[in-house]
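Here the structure is laid out as structure tokens; the discussion comes afterwards.
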Amino acid sequence: MSNLYLLHKPFQVLSQFSDREGRQTLAHYIDVKDVYPAGRLDYDSEGLLLLSDDGELIHRISHPRHKQPKTYWAQVEGQISDSALKALRQGITLKDGATQPAKARRIEPPTTAPRQPAIDPKRHPSTSWLELTISEGRNRQVRRMTAHVGFPTLRLIRTAIGPWRLDDLAPGEWRKETLHAPKPSTTPTRRRTRPGAQRKKPL
């Protein structure tokens with residue numbers, strides 16, 4: 001039996017539990033001992049981050065060999081074109097090599113909590129959203145992919161990793177699932193971040 005914690009990591013929070021520079025970390029949002037992230041999510045990205053107290057499970061989720069698909073909502077500069085979406089679906093060549101074909105589609109602006117700080121509409125008067133699913137884990141891959149096709153990412157939210165989804169978790173909230181086998185439980189136990197943890201100052 002393993003415990004898996006699904007956290008909605010807020011914007012500008014490190015995917016670790018301490019920081020010498022005083023930036024916000026996971027310790028400000030999840031108060032469970034002896035858990036570690038299964039992979040990472042960039043400081044300036046938001047959304048689903050998985051944590052566990054089981055090293056084997058962490059390895060199974062995060063190791064590139066297992067190729068867990070990851071789904072993102074990306075708000076990009078400008079109105080993304082059909083040709084850009086087609087290029088993302090076919091795979092593009094970045095400095096570190098060709099990407100695998102991705103699932104990419106245009107979506108309506110999702111119902112999600114506002115980002116703080118918000119994107120400045122004067123600097124970015126025209127934006128659009130796409131949903132992108134990749135099965136690789138290169139550094140800042142989604143941002144590099146959208147920039148390569150001419151639509152830089154302004155906001156990035158990860159909504160799913162393999163079978164696990166963000167669902168209705170608000171930024172800073174988390175829920176626990178108990179796994180009795182490699183597949184996630186169908187009856188997760190939901191918990192919310194302690195109010196005190198939300199108000200805790202950065203280390």
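Starting from 1 in every chain, residues are counted up; chains themselves are A, B, ... following the order of the structure tokens, and ligands are numbered from 1 as listed.
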Quiz item: Excluding same-chain residues fewer than 6 positions from Asp96 in chain A, what lies within 12 Å of it counting only C-alpha atoms, as a ChimeraX atom specification?
Solution: /A:138-141,144-145
Self-check item: DSSP-assigned helix (DSSP H, G or I) among chain A, expressed as number ranges by chain
Solution: A: 26-28, 55-62, 64-66, 82-90, 141-148, 195-199
Practice problem: Please provide the set of residues having any atom within 12 Å of Ala38 in chain A, restricted to only C-alpha atoms, with same-chain residues fewer than 2 positions apart removed, written as a count of residues only. | Solution: 29
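Atom to atom, CA of Leu166 in chain A and CA of Gln116 in chain A stand 19.0 Å apart.
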Which residues of range 67-175 of chain A come within 9 Å of range 10-13 of chain A, and what is each one's closest atom pair and distance in Å (one decimal), counting only C-alpha atoms, sorted by chain and residue number, as JSON lines?
{"residue": "A:Arg115", "atom": "CA", "partner": "A:Phe11", "partner_atom": "CA", "distance": 7.0}
{"residue": "A:Gln116", "atom": "CA", "partner": "A:Phe11", "partner_atom": "CA", "distance": 7.4}
{"residue": "A:Pro117", "atom": "CA", "partner": "A:Phe11", "partner_atom": "CA", "distance": 8.9}
{"residue": "A:Ala170", "atom": "CA", "partner": "A:Pro10", "partner_atom": "CA", "distance": 8.8}
{"residue": "A:Pro171", "atom": "CA", "partner": "A:Pro10", "partner_atom": "CA", "distance": 5.0}
{"residue": "A:Gly172", "atom": "CA", "partner": "A:Pro10", "partner_atom": "CA", "distance": 6.0}
Go ahead and dump the residues you just picked, N, CA and C atoms, as a PDB file, in the first residue's frame.
ATOM      1  N   ARG A 115      -4.530  33.887 -11.916  1.00  0.00           N
ATOM      2  CA  ARG A 115      -3.133  33.847 -11.512  1.00  0.00           C
ATOM      3  C   ARG A 115      -2.745  35.164 -10.854  1.00  0.00           C
ATOM      4  N   GLN A 116      -1.927  35.064  -9.817  1.00  0.00           N
ATOM      5  CA  GLN A 116      -1.421  36.258  -9.148  1.00  0.00           C
ATOM      6  C   GLN A 116       0.104  36.294  -9.242  1.00  0.00           C
ATOM      7  N   PRO A 117       0.683  37.312  -9.912  1.00  0.00           N
ATOM      8  CA  PRO A 117      -0.007  38.407 -10.599  1.00  0.00           C
ATOM      9  C   PRO A 117      -0.624  37.940 -11.916  1.00  0.00           C
ATOM     10  N   ALA A 170      -8.223  23.559  -6.062  1.00  0.00           N
ATOM     11  CA  ALA A 170      -7.831  24.956  -6.199  1.00  0.00           C
ATOM     12  C   ALA A 170      -6.343  25.094  -5.911  1.00  0.00           C
ATOM     13  N   PRO A 171      -5.698  26.172  -6.348  1.00  0.00           N
ATOM     14  CA  PRO A 171      -4.278  26.361  -6.051  1.00  0.00           C
ATOM     15  C   PRO A 171      -3.996  26.250  -4.555  1.00  0.00           C
ATOM     16  N   GLY A 172      -3.011  25.412  -4.200  1.00  0.00           N
ATOM     17  CA  GLY A 172      -2.657  25.197  -2.802  1.00  0.00           C
ATOM     18  C   GLY A 172      -3.388  24.051  -2.146  1.00  0.00           C
TER      19      GLY A 172
END
Practice problem: Using only C-alpha atoms, determine which residues lie at most 7 Å from Leu156 in chain A, disregarding the query and same-chain residues fewer than 4 positions distant; provide the list as number ranges by chain. | Solution: A: 45-46, 72-75
Any chance you could export the current selection's N, CA and C atoms as a PDB file, in the first residue's frame?
ATOM      1  N   SER A  45       5.286  27.698 -13.448  1.00  0.00           N
ATOM      2  CA  SER A  45       4.160  26.913 -13.948  1.00  0.00           C
ATOM      3  C   SER A  45       3.263  26.514 -12.782  1.00  0.00           C
ATOM      4  N   GLU A  46       2.033  26.134 -13.100  1.00  0.00           N
ATOM      5  CA  GLU A  46       1.030  25.794 -12.086  1.00  0.00           C
ATOM      6  C   GLU A  46       0.483  24.404 -12.362  1.00  0.00           C
ATOM      7  N   TYR A  72      -1.350  19.604 -20.439  1.00  0.00           N
ATOM      8  CA  TYR A  72      -1.212  20.996 -20.002  1.00  0.00           C
ATOM      9  C   TYR A  72      -2.250  21.868 -20.689  1.00  0.00           C
ATOM     10  N   TRP A  73      -2.670  22.925 -19.993  1.00  0.00           N
ATOM     11  CA  TRP A  73      -3.361  24.040 -20.608  1.00  0.00           C
ATOM     12  C   TRP A  73      -2.354  25.166 -20.733  1.00  0.00           C
ATOM     13  N   ALA A  74      -2.197  25.689 -21.925  1.00  0.00           N
ATOM     14  CA  ALA A  74      -1.241  26.765 -22.157  1.00  0.00           C
ATOM     15  C   ALA A  74      -1.963  27.986 -22.715  1.00  0.00           C
ATOM     16  N   GLN A  75      -1.800  29.109 -22.045  1.00  0.00           N
ATOM     17  CA  GLN A  75      -2.275  30.381 -22.572  1.00  0.00           C
ATOM     18  C   GLN A  75      -1.112  31.008 -23.329  1.00  0.00           C
TER      19      GLN A  75
END
Quiz prompt | Separation of CA of Leu88 in chain A from CA of Thr146 in chain A, in Å and rounded to one decimal | solution = 8.0 Å
Practice problem: Can you list, as JSON, numbers by chain, all residues belonging to chain A that DSSP tags as strand (DSSP E)? | Solution: {"A": [2, 3, 4, 5, 6, 7, 8, 9, 36, 37, 46, 47, 48, 49, 50, 51, 52, 70, 71, 72, 73, 74, 75, 76, 77, 93, 94, 97, 98, 103, 104, 105, 106, 107, 127, 128, 129, 130, 131, 132, 133, 134, 153, 154, 155, 156, 157, 158, 159, 160, 161, 164, 165, 174, 175, 176, 177, 178, 179, 189, 190, 191]}
Quiz item: Leaving out range 77-84 of chain A and any residue of its chain fewer than 3 positions from it, which residues lie within 10 Å of it when counting only C-alpha atoms, given as a ChimeraX atom specification?
Solution: /A:74,87-90,104-106,123-130,145-155
Please produce a file of the residues just selected, as an mmCIF file, in the first residue's frame, where the atoms kept are N, CA and C atoms.
data_model
loop_
_atom_site.group_PDB
_atom_site.id
_atom_site.type_symbol
_atom_site.label_atom_id
_atom_site.label_comp_id
_atom_site.auth_asym_id
_atom_site.auth_seq_id
_atom_site.Cartn_x
_atom_site.Cartn_y
_atom_site.Cartn_z
ATOM 1 N N ALA A 74 -2.197 25.689 -21.925
ATOM 2 C CA ALA A 74 -1.241 26.765 -22.157
ATOM 3 C C ALA A 74 -1.963 27.986 -22.715
ATOM 4 N N ALA A 87 1.814 21.445 -36.575
ATOM 5 C CA ALA A 87 3.250 21.220 -36.351
ATOM 6 C C ALA A 87 3.493 20.552 -35.001
ATOM 7 N N LEU A 88 2.767 20.976 -33.981
ATOM 8 C CA LEU A 88 2.913 20.364 -32.656
ATOM 9 C C LEU A 88 2.492 18.902 -32.687
ATOM 10 N N ARG A 89 1.442 18.602 -33.455
ATOM 11 C CA ARG A 89 0.966 17.214 -33.550
ATOM 12 C C ARG A 89 1.959 16.330 -34.300
ATOM 13 N N GLN A 90 2.662 16.895 -35.244
ATOM 14 C CA GLN A 90 3.601 16.109 -36.044
ATOM 15 C C GLN A 90 4.952 15.945 -35.360
ATOM 16 N N ALA A 104 -2.565 18.050 -29.558
ATOM 17 C CA ALA A 104 -2.713 19.497 -29.407
ATOM 18 C C ALA A 104 -4.048 19.933 -29.995
ATOM 19 N N ARG A 105 -4.766 20.732 -29.214
ATOM 20 C CA ARG A 105 -6.044 21.254 -29.714
ATOM 21 C C ARG A 105 -6.312 22.612 -29.093
ATOM 22 N N ARG A 106 -7.017 23.434 -29.822
ATOM 23 C CA ARG A 106 -7.435 24.744 -29.332
ATOM 24 C C ARG A 106 -8.599 24.555 -28.364
ATOM 25 N N ARG A 123 0.072 44.573 -22.177
ATOM 26 C CA ARG A 123 1.250 43.990 -22.830
ATOM 27 C C ARG A 123 0.871 42.841 -23.745
ATOM 28 N N HIS A 124 -0.214 42.140 -23.389
ATOM 29 C CA HIS A 124 -0.629 40.961 -24.149
ATOM 30 C C HIS A 124 -2.122 41.078 -24.468
ATOM 31 N N PRO A 125 -2.484 41.950 -25.423
ATOM 32 C CA PRO A 125 -3.916 42.191 -25.699
ATOM 33 C C PRO A 125 -4.627 41.015 -26.350
ATOM 34 N N SER A 126 -3.892 40.134 -26.999
ATOM 35 C CA SER A 126 -4.507 39.000 -27.683
ATOM 36 C C SER A 126 -3.859 37.707 -27.211
ATOM 37 N N THR A 127 -4.666 36.816 -26.628
ATOM 38 C CA THR A 127 -4.158 35.521 -26.180
ATOM 39 C C THR A 127 -5.153 34.431 -26.546
ATOM 40 N N SER A 128 -4.691 33.205 -26.531
ATOM 41 C CA SER A 128 -5.567 32.054 -26.767
ATOM 42 C C SER A 128 -5.053 30.887 -25.941
ATOM 43 N N TRP A 129 -5.871 29.834 -25.855
ATOM 44 C CA TRP A 129 -5.538 28.674 -25.031
ATOM 45 C C TRP A 129 -5.480 27.422 -25.898
ATOM 46 N N LEU A 130 -4.564 26.527 -25.558
ATOM 47 C CA LEU A 130 -4.550 25.211 -26.171
ATOM 48 C C LEU A 130 -4.309 24.156 -25.102
ATOM 49 N N MET A 145 8.222 24.466 -27.111
ATOM 50 C CA MET A 145 7.461 24.016 -28.277
ATOM 51 C C MET A 145 6.547 25.109 -28.805
ATOM 52 N N THR A 146 5.812 25.762 -27.919
ATOM 53 C CA THR A 146 4.894 26.805 -28.398
ATOM 54 C C THR A 146 5.662 28.009 -28.940
ATOM 55 N N ALA A 147 6.790 28.344 -28.324
ATOM 56 C CA ALA A 147 7.608 29.446 -28.847
ATOM 57 C C ALA A 147 8.153 29.104 -30.233
ATOM 58 N N HIS A 148 8.516 27.838 -30.425
ATOM 59 C CA HIS A 148 9.086 27.408 -31.704
ATOM 60 C C HIS A 148 8.086 27.603 -32.847
ATOM 61 N N VAL A 149 6.806 27.400 -32.569
ATOM 62 C CA VAL A 149 5.795 27.563 -33.628
ATOM 63 C C VAL A 149 5.226 28.972 -33.659
ATOM 64 N N GLY A 150 5.813 29.899 -32.886
ATOM 65 C CA GLY A 150 5.451 31.301 -32.987
ATOM 66 C C GLY A 150 4.441 31.815 -31.992
ATOM 67 N N PHE A 151 4.147 31.017 -30.936
ATOM 68 C CA PHE A 151 3.148 31.435 -29.956
ATOM 69 C C PHE A 151 3.683 31.200 -28.541
ATOM 70 N N PRO A 152 4.461 32.156 -28.024
ATOM 71 C CA PRO A 152 5.070 31.981 -26.699
ATOM 72 C C PRO A 152 4.022 31.762 -25.603
ATOM 73 N N THR A 153 4.338 30.868 -24.680
ATOM 74 C CA THR A 153 3.442 30.577 -23.564
ATOM 75 C C THR A 153 3.541 31.670 -22.505
ATOM 76 N N LEU A 154 2.383 32.167 -22.080
ATOM 77 C CA LEU A 154 2.299 33.173 -21.026
ATOM 78 C C LEU A 154 1.903 32.556 -19.689
ATOM 79 N N ARG A 155 1.101 31.513 -19.729
ATOM 80 C CA ARG A 155 0.656 30.832 -18.513
ATOM 81 C C ARG A 155 0.550 29.347 -18.818
#
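Between CA of Gly162 in chain A and CA of Glu136 in chain A lies a distance of 11.9 Å.
Counting only C-alpha atoms and comparing A:Gly91, A:Gln24, A:Ser135, A:Lys86, the residue that lies closest to Arg65 in chain A is A:Ser135.
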